[in-house]
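Asker: File protein_5.cif follows (mmCIF, C-alpha atoms):
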```
data_protein
loop_
_atom_site.label_atom_id
_atom_site.label_comp_id
_atom_site.auth_asym_id
_atom_site.auth_seq_id
_atom_site.Cartn_x
_atom_site.Cartn_y
_atom_site.Cartn_z
CA MET A 128 43.94 11.55 -4.36
CA SER A 129 45.69 9.87 -7.22
CA GLU A 130 49.42 9.53 -6.69
CA GLN A 131 50.18 8.05 -10.08
CA LEU A 132 48.37 10.83 -11.95
CA ALA A 133 49.90 13.50 -9.68
CA ALA A 134 53.37 12.18 -10.52
CA ALA A 135 52.55 12.22 -14.24
CA GLN A 136 51.25 15.79 -13.98
CA ALA A 137 54.40 16.85 -12.12
CA ALA A 138 56.56 15.27 -14.83
CA LEU A 139 54.67 17.24 -17.50
CA VAL A 140 55.17 20.52 -15.62
CA ASP A 141 58.87 19.74 -15.13
CA ALA A 142 59.24 19.10 -18.85
CA LEU A 143 57.47 22.36 -19.75
CA VAL A 144 59.00 24.85 -17.33
CA GLY A 145 61.95 22.93 -15.87
CA GLU A 146 64.81 20.96 -17.34
CA ALA A 147 63.21 17.51 -17.28
CA ALA A 148 63.01 15.21 -20.30
CA VAL A 149 59.82 14.81 -22.33
CA PRO A 150 57.64 12.21 -20.55
CA ASP A 151 56.95 9.00 -22.47
CA GLY A 152 54.18 9.18 -25.01
CA PHE A 153 54.10 12.96 -25.44
CA ASP A 154 54.77 14.75 -28.71
CA ALA A 155 58.20 16.35 -28.15
CA VAL A 156 57.71 18.91 -30.94
CA ARG A 157 54.42 20.08 -29.47
CA LEU A 158 55.87 20.25 -25.95
CA ALA A 159 58.68 22.45 -27.27
CA THR A 160 56.04 24.67 -28.89
CA VAL A 161 54.17 24.96 -25.60
CA ARG A 162 57.44 25.72 -23.79
CA ARG A 163 58.13 28.64 -26.17
CA ALA A 164 54.53 29.84 -25.90
CA LEU A 165 54.76 29.86 -22.10
CA LEU A 166 57.93 31.95 -22.27
CA ARG A 167 56.25 34.44 -24.64
CA LYS A 168 53.31 34.68 -22.26
CA ARG A 169 55.66 35.24 -19.29
CA ALA A 170 57.42 37.97 -21.26
CA GLY A 171 54.07 39.72 -21.82
CA GLU A 172 53.12 39.47 -18.16
CA ALA A 173 56.55 40.58 -16.92
CA ALA A 174 56.40 43.57 -19.31
CA ARG A 175 53.31 44.79 -17.46
CA ALA A 176 55.12 44.57 -14.11
CA TRP A 177 58.34 46.12 -15.55
CA PRO A 178 57.17 48.60 -18.20
CA LEU A 179 60.41 50.62 -18.38
CA LEU A 180 62.59 47.52 -18.59
CA ALA A 181 60.46 46.00 -21.35
CA ALA A 182 60.27 49.31 -23.23
CA ALA A 183 64.05 49.80 -22.98
CA LEU A 184 64.65 46.41 -24.56
CA GLY A 185 61.86 46.83 -27.12
CA ARG A 186 61.76 44.02 -29.64
CA ARG A 187 64.57 42.23 -27.79
CA TRP A 188 62.41 41.80 -24.65
CA PRO A 189 60.86 38.37 -25.45
CA ALA A 190 64.27 36.96 -26.35
CA ALA A 191 65.82 38.37 -23.15
CA VAL A 192 63.08 36.72 -21.09
CA ALA A 193 63.53 33.43 -22.92
CA GLU A 194 67.29 33.54 -22.47
CA HIS A 195 67.14 34.13 -18.71
CA LEU A 196 63.95 32.29 -17.70
CA ASP A 197 63.91 29.18 -19.90
CA GLY A 198 64.07 26.29 -17.43
CA VAL A 199 63.35 28.56 -14.46
CA ALA A 200 60.04 27.80 -12.72
CA PRO A 201 57.53 30.68 -13.10
CA GLY A 202 57.75 32.97 -10.10
CA GLY A 203 55.18 35.58 -11.00
CA SER A 204 55.67 38.63 -13.21
CA LEU A 205 57.32 40.80 -10.54
CA ARG A 206 60.01 38.22 -9.83
CA ASP A 207 60.41 37.13 -13.46
CA GLY A 208 61.19 40.69 -14.60
CA TRP A 209 63.39 41.27 -11.56
CA ASP A 210 65.56 38.27 -12.37
CA VAL A 211 65.96 39.42 -15.97
CA ALA A 212 66.86 42.97 -14.84
CA ARG A 213 69.52 41.69 -12.42
CA ALA A 214 71.02 39.37 -15.01
CA LEU A 215 71.30 42.30 -17.45
CA ARG A 216 72.81 44.56 -14.78
CA ALA A 217 75.36 41.88 -13.85
CA ARG A 218 76.76 41.97 -17.36
CA GLY A 219 76.47 45.75 -17.73
CA ALA A 220 73.64 45.56 -20.26
CA LEU A 221 70.86 47.24 -18.27
CA PRO A 222 69.63 50.45 -19.97
CA SER A 223 69.52 53.57 -17.79
CA SER A 224 65.73 53.92 -17.60
CA ALA A 225 65.44 50.28 -16.57
CA ALA A 226 68.21 50.75 -14.00
CA GLY A 227 66.04 53.38 -12.31
CA GLU A 228 63.06 51.02 -12.31
CA LEU A 229 65.19 48.28 -10.75
CA ALA A 230 66.66 50.62 -8.12
CA GLU A 231 63.18 51.82 -7.17
CA ARG A 232 61.98 48.24 -6.72
CA GLU A 233 65.06 47.30 -4.72
CA ALA A 234 64.54 50.24 -2.38
CA GLY A 235 61.01 49.10 -1.62
CA TRP A 236 61.29 45.34 -1.82
CA ARG A 237 63.62 42.58 -0.75
CA HIS A 238 64.27 39.85 -3.32
CA ASP A 239 66.59 36.99 -2.46
CA GLY A 240 66.60 35.70 -6.04
CA THR A 241 64.98 32.39 -5.12
CA SER A 242 61.53 33.18 -3.71
CA ALA A 243 58.79 35.78 -4.11
CA PRO A 244 59.89 39.40 -3.35
CA THR A 245 58.63 40.84 -0.05
CA ARG A 246 58.19 44.46 1.05
CA ARG A 247 61.03 45.88 3.15
CA ARG A 248 60.17 46.78 6.73
CA LEU A 249 63.19 49.04 7.21
CA PRO A 250 64.17 52.16 5.25
CA ALA A 251 66.49 51.59 2.26
CA VAL A 252 68.39 53.65 -0.30
CA ARG A 253 69.29 52.55 -3.83
CA ARG A 254 70.92 54.36 -6.73
CA GLY A 255 70.17 53.68 -10.38
CA GLY A 256 69.45 55.38 -13.70
CA GLY A 257 70.85 58.67 -12.45
CA HIS A 258 68.47 58.87 -9.50
CA LEU A 259 68.54 58.13 -5.81
CA PHE A 260 65.57 56.15 -4.47
CA VAL A 261 64.83 56.51 -0.76
CA GLN A 262 62.22 54.27 0.80
CA VAL A 263 60.86 55.17 4.22
CA GLY A 264 57.80 53.60 5.80
CA GLY A 265 56.92 51.72 2.62
CA ARG A 266 56.93 54.83 0.38
CA THR A 267 59.73 55.27 -2.14
CA HIS A 268 60.84 58.77 -3.13
CA ARG A 269 62.96 59.61 -6.16
CA LEU A 270 65.62 62.20 -5.46
CA GLY A 271 67.83 64.15 -7.81
CA GLY A 272 68.01 64.30 -11.56
CA ARG A 273 70.66 62.91 -13.79
CA GLY A 274 74.07 62.74 -12.09
CA ALA A 275 72.60 62.91 -8.59
CA MET B 200 22.44 36.73 -17.76
CA GLN B 201 22.14 37.52 -21.43
CA GLY B 202 23.45 39.55 -24.31
CA THR B 203 26.98 40.54 -25.20
CA GLY B 204 29.74 40.89 -22.63
CA VAL B 205 33.42 41.60 -22.26
CA GLY B 206 36.16 40.37 -19.96
CA TRP B 207 36.75 43.37 -17.66
CA ARG B 208 40.45 44.20 -17.25
CA PRO B 209 41.89 47.30 -15.53
CA GLU B 210 43.57 48.42 -18.79
CA ILE B 211 40.24 48.60 -20.65
CA ALA B 212 37.98 49.59 -17.73
CA GLY B 213 36.99 52.87 -19.40
CA VAL B 214 36.21 51.23 -22.74
CA VAL B 215 34.12 48.51 -21.10
CA ALA B 216 32.19 51.04 -19.00
CA ASP B 217 31.33 53.04 -22.14
CA LEU B 218 30.18 50.08 -24.29
CA PRO B 219 26.53 50.60 -25.22
CA GLY B 220 24.16 47.85 -24.09
CA LEU B 221 26.73 45.81 -22.17
CA GLY B 222 24.93 42.62 -21.13
CA PHE B 223 27.45 41.34 -18.58
CA CYS B 224 31.13 41.23 -17.80
CA GLU B 225 33.65 38.79 -16.43
CA VAL B 226 36.44 39.57 -13.99
CA ILE B 227 39.51 37.42 -13.27
CA ALA B 228 38.79 36.04 -9.80
CA GLU B 229 42.44 36.00 -8.75
CA SER B 230 42.67 39.76 -9.41
CA VAL B 231 39.82 40.54 -7.01
CA ASP B 232 40.14 41.28 -3.31
CA PRO B 233 36.65 40.37 -2.07
CA ALA B 234 36.97 43.05 0.64
CA ALA B 235 37.68 45.72 -1.97
CA PRO B 236 36.72 44.72 -5.54
CA PRO B 237 38.04 46.97 -8.36
CA ARG B 238 36.06 50.22 -8.48
CA GLY B 239 35.21 49.81 -12.16
CA VAL B 240 33.69 46.40 -11.47
CA VAL B 241 31.68 47.74 -8.53
CA GLU B 242 30.35 50.55 -10.73
CA LEU B 243 29.20 48.07 -13.37
CA ARG B 244 27.54 45.92 -10.72
CA ASP B 245 25.77 49.00 -9.31
CA ARG B 246 24.51 49.78 -12.84
CA GLY B 247 22.91 46.33 -12.86
CA VAL B 248 25.48 44.69 -15.16
CA PRO B 249 25.96 41.07 -14.03
CA VAL B 250 29.60 40.34 -13.08
CA VAL B 251 30.99 36.79 -13.36
CA PRO B 252 34.20 35.91 -11.47
CA HIS B 253 36.33 33.76 -13.78
CA GLY B 254 38.98 31.69 -12.00
CA VAL B 255 42.24 30.84 -13.73
CA ARG B 256 44.32 29.31 -10.91
CA LEU B 257 41.96 27.02 -9.00
CA SER B 258 43.53 24.01 -10.75
CA LEU B 259 40.47 21.76 -10.64
CA GLY B 260 42.42 18.99 -12.37
CA SER B 261 45.20 18.69 -9.76
CA ALA B 262 45.54 15.03 -8.86
CA ASP B 263 46.98 15.89 -5.44
CA GLY B 264 43.81 17.68 -4.43
CA LEU B 265 42.21 21.09 -4.37
CA ASP B 266 43.55 24.15 -2.57
CA ARG B 267 40.43 24.83 -0.54
CA ARG B 268 41.45 28.44 0.20
CA ARG B 269 41.27 29.20 -3.51
CA ALA B 270 37.77 27.73 -3.69
CA GLU B 271 36.79 29.88 -0.71
CA HIS B 272 38.27 32.93 -2.45
CA LEU B 273 36.21 32.22 -5.58
CA ALA B 274 33.08 31.97 -3.43
CA ALA B 275 33.97 35.22 -1.64
CA CYS B 276 34.46 36.97 -5.02
CA ALA B 277 31.02 35.78 -6.15
CA ALA B 278 29.45 37.19 -2.98
CA ALA B 279 31.39 40.47 -3.26
CA VAL B 280 30.15 41.25 -6.77
CA GLY B 281 26.72 39.64 -6.44
CA ALA B 282 27.58 37.19 -9.24
CA PRO B 283 24.87 35.06 -10.86
CA LEU B 284 27.47 32.32 -11.44
CA VAL B 285 31.24 31.71 -11.50
CA SER B 286 33.47 29.86 -13.94
CA GLU B 287 36.76 27.93 -14.04
CA HIS B 288 38.63 25.63 -16.40
CA VAL B 289 38.89 21.92 -17.07
CA SER B 290 42.60 22.01 -16.44
CA PHE B 291 45.43 21.90 -13.93
CA THR B 292 48.00 24.63 -13.27
CA ARG B 293 49.66 23.33 -10.08
CA VAL B 294 50.65 19.96 -8.71
CA ALA B 295 53.05 18.60 -6.10
CA GLY B 296 54.51 22.01 -5.20
CA ARG B 297 55.02 23.01 -8.84
CA ASP B 298 53.26 25.84 -10.65
CA ALA B 299 53.18 25.88 -14.44
CA GLY B 300 51.69 29.40 -14.42
CA HIS B 301 49.45 28.24 -17.25
CA LEU B 302 46.35 26.15 -17.90
CA LEU B 303 47.47 22.62 -18.78
CA PRO B 304 45.29 19.76 -20.02
CA VAL B 305 44.37 16.77 -17.88
CA PRO B 306 44.41 13.35 -19.50
CA ARG B 307 40.95 12.33 -20.68
CA THR B 308 40.91 9.15 -18.58
CA ARG B 309 38.61 7.68 -15.92
CA GLU B 310 41.24 8.42 -13.28
CA ALA B 311 41.45 12.13 -14.18
CA LEU B 312 37.66 12.32 -14.47
CA ASP B 313 37.36 11.09 -10.87
CA VAL B 314 39.88 13.72 -9.75
CA LEU B 315 37.96 16.50 -11.52
CA VAL B 316 34.61 15.34 -10.15
CA ALA B 317 36.00 15.34 -6.59
CA ASN B 318 37.58 18.80 -6.91
CA VAL B 319 34.57 20.32 -8.68
CA THR B 320 32.21 18.88 -6.06
CA THR B 321 34.34 20.32 -3.25
CA THR B 322 34.32 23.73 -4.99
CA GLN B 323 30.57 23.64 -5.54
CA ALA B 324 30.09 23.00 -1.81
CA GLU B 325 31.81 26.35 -1.14
CA LEU B 326 29.75 28.24 -3.72
CA ASP B 327 26.29 29.77 -3.35
CA VAL B 328 25.96 30.13 -7.15
CA PRO B 329 26.31 27.73 -10.11
CA LEU B 330 29.74 26.85 -11.51
CA ALA B 331 30.41 26.76 -15.25
CA LEU B 332 33.39 24.78 -16.58
CA GLU B 333 35.43 25.82 -19.61
CA PRO B 334 37.37 23.33 -21.76
CA ILE B 335 40.78 24.81 -22.55
CA ALA B 336 42.80 25.21 -25.72
CA ALA B 337 45.50 22.55 -25.45
CA LEU B 338 48.47 22.15 -27.76
CA VAL B 339 49.34 18.71 -26.39
CA ASP B 340 47.33 15.59 -25.73
CA TRP B 341 48.21 12.95 -23.16
CA PRO B 342 49.09 9.41 -24.21
CA GLY B 343 46.57 6.66 -23.42
CA GLU B 344 43.44 8.78 -23.44
CA GLU B 345 40.13 6.92 -23.06
CA PHE B 346 37.59 9.55 -24.12
CA THR B 347 37.10 12.21 -26.76
CA GLU B 348 36.86 15.74 -25.38
CA ALA B 349 33.07 15.74 -25.84
CA GLU B 350 32.66 12.38 -24.06
CA PHE B 351 34.90 13.47 -21.22
CA LEU B 352 33.13 16.79 -20.79
CA THR B 353 29.64 15.28 -20.95
CA ARG B 354 30.55 12.81 -18.20
CA LEU B 355 32.07 15.58 -16.07
CA LEU B 356 29.00 17.81 -16.40
CA ASP B 357 26.60 14.90 -15.81
CA ARG B 358 28.40 13.81 -12.63
CA THR B 359 28.79 17.32 -11.15
CA GLY B 360 25.76 19.19 -12.45
CA ALA B 361 28.12 21.96 -13.56
CA LEU B 362 27.27 24.20 -16.53
CA LEU B 363 29.35 24.64 -19.68
CA LEU B 364 31.36 27.74 -20.53
CA LEU B 365 32.12 27.09 -24.17
CA ASP B 366 35.01 28.99 -25.77
CA VAL B 367 34.55 28.81 -29.54
CA ALA B 368 38.14 29.97 -30.04
CA ASN B 369 39.31 26.97 -28.00
CA VAL B 370 37.14 24.66 -30.12
CA HIS B 371 38.68 26.23 -33.23
CA ALA B 372 42.23 25.95 -31.83
CA ASN B 373 41.90 22.34 -30.70
CA ALA B 374 40.23 21.19 -33.90
CA LEU B 375 42.87 22.90 -36.04
CA ASN B 376 45.75 21.57 -33.95
CA ARG B 377 44.34 18.03 -33.89
CA GLY B 378 43.35 18.05 -37.55
CA ALA B 379 39.65 17.69 -36.70
CA ASP B 380 36.51 19.40 -38.04
CA PRO B 381 35.37 21.99 -35.46
CA ARG B 382 31.74 21.63 -36.62
CA ALA B 383 31.80 17.92 -35.83
CA VAL B 384 33.19 18.80 -32.38
CA LEU B 385 30.28 21.22 -31.85
CA ASP B 386 27.84 18.48 -32.86
CA ALA B 387 29.26 16.19 -30.17
CA LEU B 388 29.41 18.71 -27.29
CA PRO B 389 26.59 19.00 -24.73
CA LEU B 390 25.40 22.38 -26.04
CA ASP B 391 22.25 22.25 -23.90
CA ARG B 392 24.47 22.84 -20.85
CA ILE B 393 25.92 26.16 -22.06
CA ALA B 394 25.76 29.01 -19.55
CA TYR B 395 27.68 31.45 -21.74
CA VAL B 396 30.24 31.58 -24.51
CA HIS B 397 33.76 32.97 -24.87
CA VAL B 398 35.15 34.41 -28.08
CA ALA B 399 38.84 35.33 -28.29
CA GLY B 400 41.60 36.08 -30.72
CA GLY B 401 44.64 34.04 -31.60
CA SER B 402 47.34 33.63 -34.20
CA GLU B 403 48.75 30.94 -36.42
CA HIS B 404 52.43 30.15 -36.17
CA ASP B 405 54.24 28.49 -39.02
CA GLY B 406 55.87 25.24 -38.09
CA ASP B 407 59.16 23.75 -39.10
CA ALA B 408 58.37 20.94 -41.53
CA ALA B 409 61.95 19.63 -41.36
CA ALA B 410 61.55 19.11 -37.59
CA GLY B 411 58.17 17.44 -38.06
CA ASP B 412 56.39 20.55 -36.78
CA PRO B 413 53.24 21.32 -38.79
CA GLY B 414 52.66 24.67 -37.09
CA VAL B 415 49.96 25.54 -34.59
CA TYR B 416 47.16 27.96 -33.78
CA HIS B 417 47.83 29.79 -30.51
CA ASP B 418 44.86 30.95 -28.43
CA THR B 419 46.62 34.16 -27.38
CA HIS B 420 43.80 36.52 -26.33
CA THR B 421 46.14 39.27 -27.54
CA ASP B 422 45.19 39.21 -31.24
CA ALA B 423 42.04 40.11 -33.15
CA VAL B 424 39.26 37.51 -33.36
CA PRO B 425 39.84 35.62 -36.63
CA ASP B 426 36.99 35.31 -39.13
CA GLU B 427 37.08 31.53 -38.66
CA VAL B 428 36.28 31.90 -34.96
CA LEU B 429 33.39 34.27 -35.67
CA ALA B 430 32.15 31.81 -38.29
CA LEU B 431 32.29 29.03 -35.71
CA LEU B 432 30.23 31.19 -33.34
CA GLY B 433 27.69 31.39 -36.17
CA GLU B 434 27.79 27.58 -36.52
CA LEU B 435 27.17 27.27 -32.78
CA CYS B 436 24.20 29.65 -32.95
CA ASP B 437 22.73 27.59 -35.81
CA ARG B 438 22.76 24.58 -33.46
CA ALA B 439 21.88 26.19 -30.12
CA ARG B 440 21.83 29.95 -29.72
CA PRO B 441 23.48 30.81 -26.41
CA ALA B 442 21.91 33.49 -24.19
CA ALA B 443 25.21 35.22 -23.50
CA VAL B 444 28.45 35.64 -25.49
CA MET B 445 31.54 37.65 -24.57
CA LEU B 446 34.88 38.82 -25.89
CA GLU B 447 38.03 37.86 -23.98
CA ARG B 448 41.07 40.08 -24.48
CA ASP B 449 44.18 39.90 -22.29
CA GLY B 450 46.76 42.25 -23.70
CA HIS B 451 47.91 44.28 -26.74
CA TYR B 452 44.63 46.13 -26.30
CA PRO B 453 43.40 47.77 -29.50
CA PRO B 454 41.97 51.31 -29.62
CA ALA B 455 38.52 51.66 -28.06
CA ALA B 456 36.72 51.86 -31.39
CA GLN B 457 38.30 48.61 -32.56
CA LEU B 458 37.42 46.78 -29.35
CA ALA B 459 33.84 48.07 -29.57
CA ALA B 460 33.68 46.93 -33.20
CA GLU B 461 34.72 43.40 -32.19
CA VAL B 462 32.00 43.33 -29.56
CA THR B 463 29.47 44.50 -32.18
CA SER B 464 30.62 41.78 -34.61
CA ILE B 465 30.10 39.18 -31.91
CA ALA B 466 26.63 40.53 -31.09
CA ARG B 467 25.62 40.49 -34.76
CA THR B 468 27.02 37.01 -35.35
CA ALA B 469 25.14 35.75 -32.30
CA GLY B 470 21.97 37.34 -33.68
CA PHE B 471 21.56 39.73 -30.77
CA ARG B 472 20.07 43.11 -31.48
CA ASP B 473 22.65 45.78 -32.13
CA PRO B 474 23.78 47.19 -28.82
CA ARG B 475 22.13 50.50 -28.06
CA PRO B 476 22.99 53.15 -25.51
CA THR B 477 21.48 52.35 -22.13
CA SER B 478 20.19 55.90 -21.69
CA PRO B 479 16.47 56.15 -22.44
CA ALA B 480 15.54 57.23 -25.93
CA VAL B 481 13.89 60.60 -26.30
#
```
Rewrite the structure of this file - the entire thing - as structure tokens.
Answerer:
Amino acid sequence: MSEQLAAAQAALVDALVGEAAVPDGFDAVRLATVRRALLRKRAGEAARAWPLLAAALGRRWPAAVAEHLDGVAPGGSLRDGWDVARALRARGALPSSAAGELAEREAGWRHDGTSAPTRRRLPAVRRGGGHLFVQVGGRTHRLGGRGA
Amino acid sequence: MQGTGVGWRPEIAGVVADLPGLGFCEVIAESVDPAAPPRGVVELRDRGVPVVPHGVRLSLGSADGLDRRRAEHLAACAAAVGAPLVSEHVSFTRVAGRDAGHLLPVPRTREALDVLVANVTTTQAELDVPLALEPIAALVDWPGEEFTEAEFLTRLLDRTGALLLLDVANVHANALNRGADPRAVLDALPLDRIAYVHVAGGSEHDGDAAAGDPGVYHDTHTDAVPDEVLALLGELCDRARPAAVMLERDGHYPPAAQLAAEVTSIARTAGFRDPRPTSPAV
């Protein structure tokens, strides 16, 4: 339709959610404000998809999202929260209740870390937060209490 | 469609259903499966409450063209809920394989106007009902713009025949963030094209003067409606009273009584009669 305008729009998106420089003529301070606002909005949306994770982090949730997702293209609230949960688990900072939420998701869904999560077709078992999550035929069951 | 409405969201479905004298509601089009619309929305429709699908990801301003499947989905949503009209934004969210996940402004230039006209016209061809277009709250402006927002919008509506969905909170936000007088903006807008009006909450963030940041007003939809926005709704009604006005809330939902009180404030400011229970009086 309009290649020049499409390129300019792409450059604006890259500057807001990617790592690209501020395009010529834009107010850099305002763009930085928008960038922070977008991260806050993503944190709110991801909190709805990952209620236990967001609740476990409490007031630290928006900062955790900003730390892990700044510069990462938006991938939807399911994936955004998933990436934050995995990053926290990798450094041993994932609270127990959130570990259960992550294990439940990982039993039911496959997430390669780079594209949108998809439902598993085969049964899977994951352990987290003191529970065992068994997914068969698309339904995930929680087994055992603490220490199971 | 007339009276006071609310943006229907699953989290507040019960509150919305219980609001006395609900005139209409809006539902986010992307959250609707036309084959199985949310039960709460179907119940409102069956009660005779008009339901308006409101698109947020059609990206009418994308310079690399429209995703026709999304336009078809919007049309299917309208048919599924028997909508009197649908609405979308003067904005782009996607381009060239990228997704900002957010409504971004298009430059107010002839080139972008042609893009919008083409995409809006294509969308209208899919729809069996009118389309209303909503100007967004934008924190940034493009360099080299050729029109004011009112000039740009008037040309867009004239060339497409689309209606106007005016968000008074967006007018407030843009005027504040651009250092303009929101009443002068109202005077310049094509108010005779209004289909309905949005009212939403937001919050002011202090800037960092040392970094040249004067602070901004964020149109969050997660805060209470500020008095200034209600006052601007009053200013709008003094100029051209809209038939339908609604509250948009997208998170940090307040208790039911508080939400209902905001809806009542909007109805009173718009000069509508106080909402009354729909059950017949004895």
Asker: Taking 3 positions as the minimum chain separation for residues in the same chain, which residues sit within 8 Å of Asn373 in chain B when counting all atoms listed in the file? Answer as a PDB file with C-alpha atoms, in the frame of the given file.
Answerer:
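Wrote result_25.pdb, looks like this:
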```pdb
ATOM      1  CA  ALA B 336      42.800  25.210 -25.720  1.00  0.00           C
ATOM      2  CA  ALA B 337      45.500  22.550 -25.450  1.00  0.00           C
ATOM      3  CA  LEU B 338      48.470  22.150 -27.760  1.00  0.00           C
ATOM      4  CA  ASN B 369      39.310  26.970 -28.000  1.00  0.00           C
ATOM      5  CA  VAL B 370      37.140  24.660 -30.120  1.00  0.00           C
ATOM      6  CA  ASN B 376      45.750  21.570 -33.950  1.00  0.00           C
ATOM      7  CA  ARG B 377      44.340  18.030 -33.890  1.00  0.00           C
ATOM      8  CA  ALA B 379      39.650  17.690 -36.700  1.00  0.00           C
TER       9      ALA B 379
END
```
Asker: Mind listing as number ranges by chain all residues within 12 Å of (55.1, 32.9, -20.1), counting only C-alpha atoms?
Answerer: A: 143-144, 161-174, 189-190, 192-193, 196-204, 207-208; B: 298-302, 419
Asker: Output C-alpha atoms for every residue in the selection just made, as a CSV table (one decimal), in the coordinates of the input.
Answerer:
```
chain,number,residue,atom,x,y,z
A,143,LEU,CA,57.5,22.4,-19.8
A,144,VAL,CA,59.0,24.8,-17.3
A,161,VAL,CA,54.2,25.0,-25.6
A,162,ARG,CA,57.4,25.7,-23.8
A,163,ARG,CA,58.1,28.6,-26.2
A,164,ALA,CA,54.5,29.8,-25.9
A,165,LEU,CA,54.8,29.9,-22.1
A,166,LEU,CA,57.9,32.0,-22.3
A,167,ARG,CA,56.2,34.4,-24.6
A,168,LYS,CA,53.3,34.7,-22.3
A,169,ARG,CA,55.7,35.2,-19.3
A,170,ALA,CA,57.4,38.0,-21.3
A,171,GLY,CA,54.1,39.7,-21.8
A,172,GLU,CA,53.1,39.5,-18.2
A,173,ALA,CA,56.6,40.6,-16.9
A,174,ALA,CA,56.4,43.6,-19.3
A,189,PRO,CA,60.9,38.4,-25.4
A,190,ALA,CA,64.3,37.0,-26.4
A,192,VAL,CA,63.1,36.7,-21.1
A,193,ALA,CA,63.5,33.4,-22.9
A,196,LEU,CA,64.0,32.3,-17.7
A,197,ASP,CA,63.9,29.2,-19.9
A,198,GLY,CA,64.1,26.3,-17.4
A,199,VAL,CA,63.4,28.6,-14.5
A,200,ALA,CA,60.0,27.8,-12.7
A,201,PRO,CA,57.5,30.7,-13.1
A,202,GLY,CA,57.8,33.0,-10.1
A,203,GLY,CA,55.2,35.6,-11.0
A,204,SER,CA,55.7,38.6,-13.2
A,207,ASP,CA,60.4,37.1,-13.5
A,208,GLY,CA,61.2,40.7,-14.6
B,298,ASP,CA,53.3,25.8,-10.6
B,299,ALA,CA,53.2,25.9,-14.4
B,300,GLY,CA,51.7,29.4,-14.4
B,301,HIS,CA,49.4,28.2,-17.2
B,302,LEU,CA,46.4,26.2,-17.9
B,419,THR,CA,46.6,34.2,-27.4
```
Asker: Could you please select, counting all atoms listed in the file, the residues of chain B within 6 Å of chain A and state them as a list in words?
Answerer: Ala262, Asp263, Val294, Ala299 and Pro342 of chain B
Asker: Which residues, written as a list in words, have at least one atom at most 9 Å from range 220-225 of chain A, with all atoms listed in the file counted and residues fewer than 3 positions away on the same chain left out?
Answerer: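 Non-adjacent residues within range: Trp177, Pro178, Leu179, Leu180, Ala181, Ala182, Ala183, Leu184, Ala212, Arg213, Ala214, Leu215, Arg216, Ala217, Glu228, Leu229, Ala230, Gly255, Gly256 and Gly257 of chain A.
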Asker: Please list as a list in words every residue within 12 Å of Ala235 in chain B, counting all atoms listed in the file and excluding residues in the same chain fewer than 6 positions away.
Answerer: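 Here the answer would be Val241, Ala275, Cys276, Ala278, Ala279 and Val280 of chain B.
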Asker: Leaving out Gly264 in chain A and any residue of its chain fewer than 4 positions from it, which residues lie within 12 Å of it when counting all atoms listed in the file, given as an NGL selection string?
Answerer: :A and (234-236 or 246-251 or 268)
Asker: With 10 Å as the threshold, what does the neighbourhood of (18.5, 27.8, -25.8) contain in terms of residues, counting all atoms listed in the file? Coordinates are those of the file; answer as a list of chain:residue names.
Answerer: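 The answer, in the requested form, is B:Leu390, B:Asp391, B:Arg392, B:Ile393, B:Ala394, B:Cys436, B:Arg438, B:Ala439, B:Arg440, B:Pro441, B:Ala442.
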Asker: Find the distance between CA of Arg472 in chain B and CA of Gly204 in chain B and write it in Å to one decimal.
Answerer: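 These atoms are spaced 13.3 Å apart.
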Asker: Using the chain letters and numbers from the file, give me the residues hit by the PyMOL selection byres ((chain A and resi 270) around 6), as a list in words.
Answerer: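 For this structure, the PyMOL selection byres ((chain A and resi 270) around 6) resolves to His258, Leu259, Arg269 and Gly271 of chain A.
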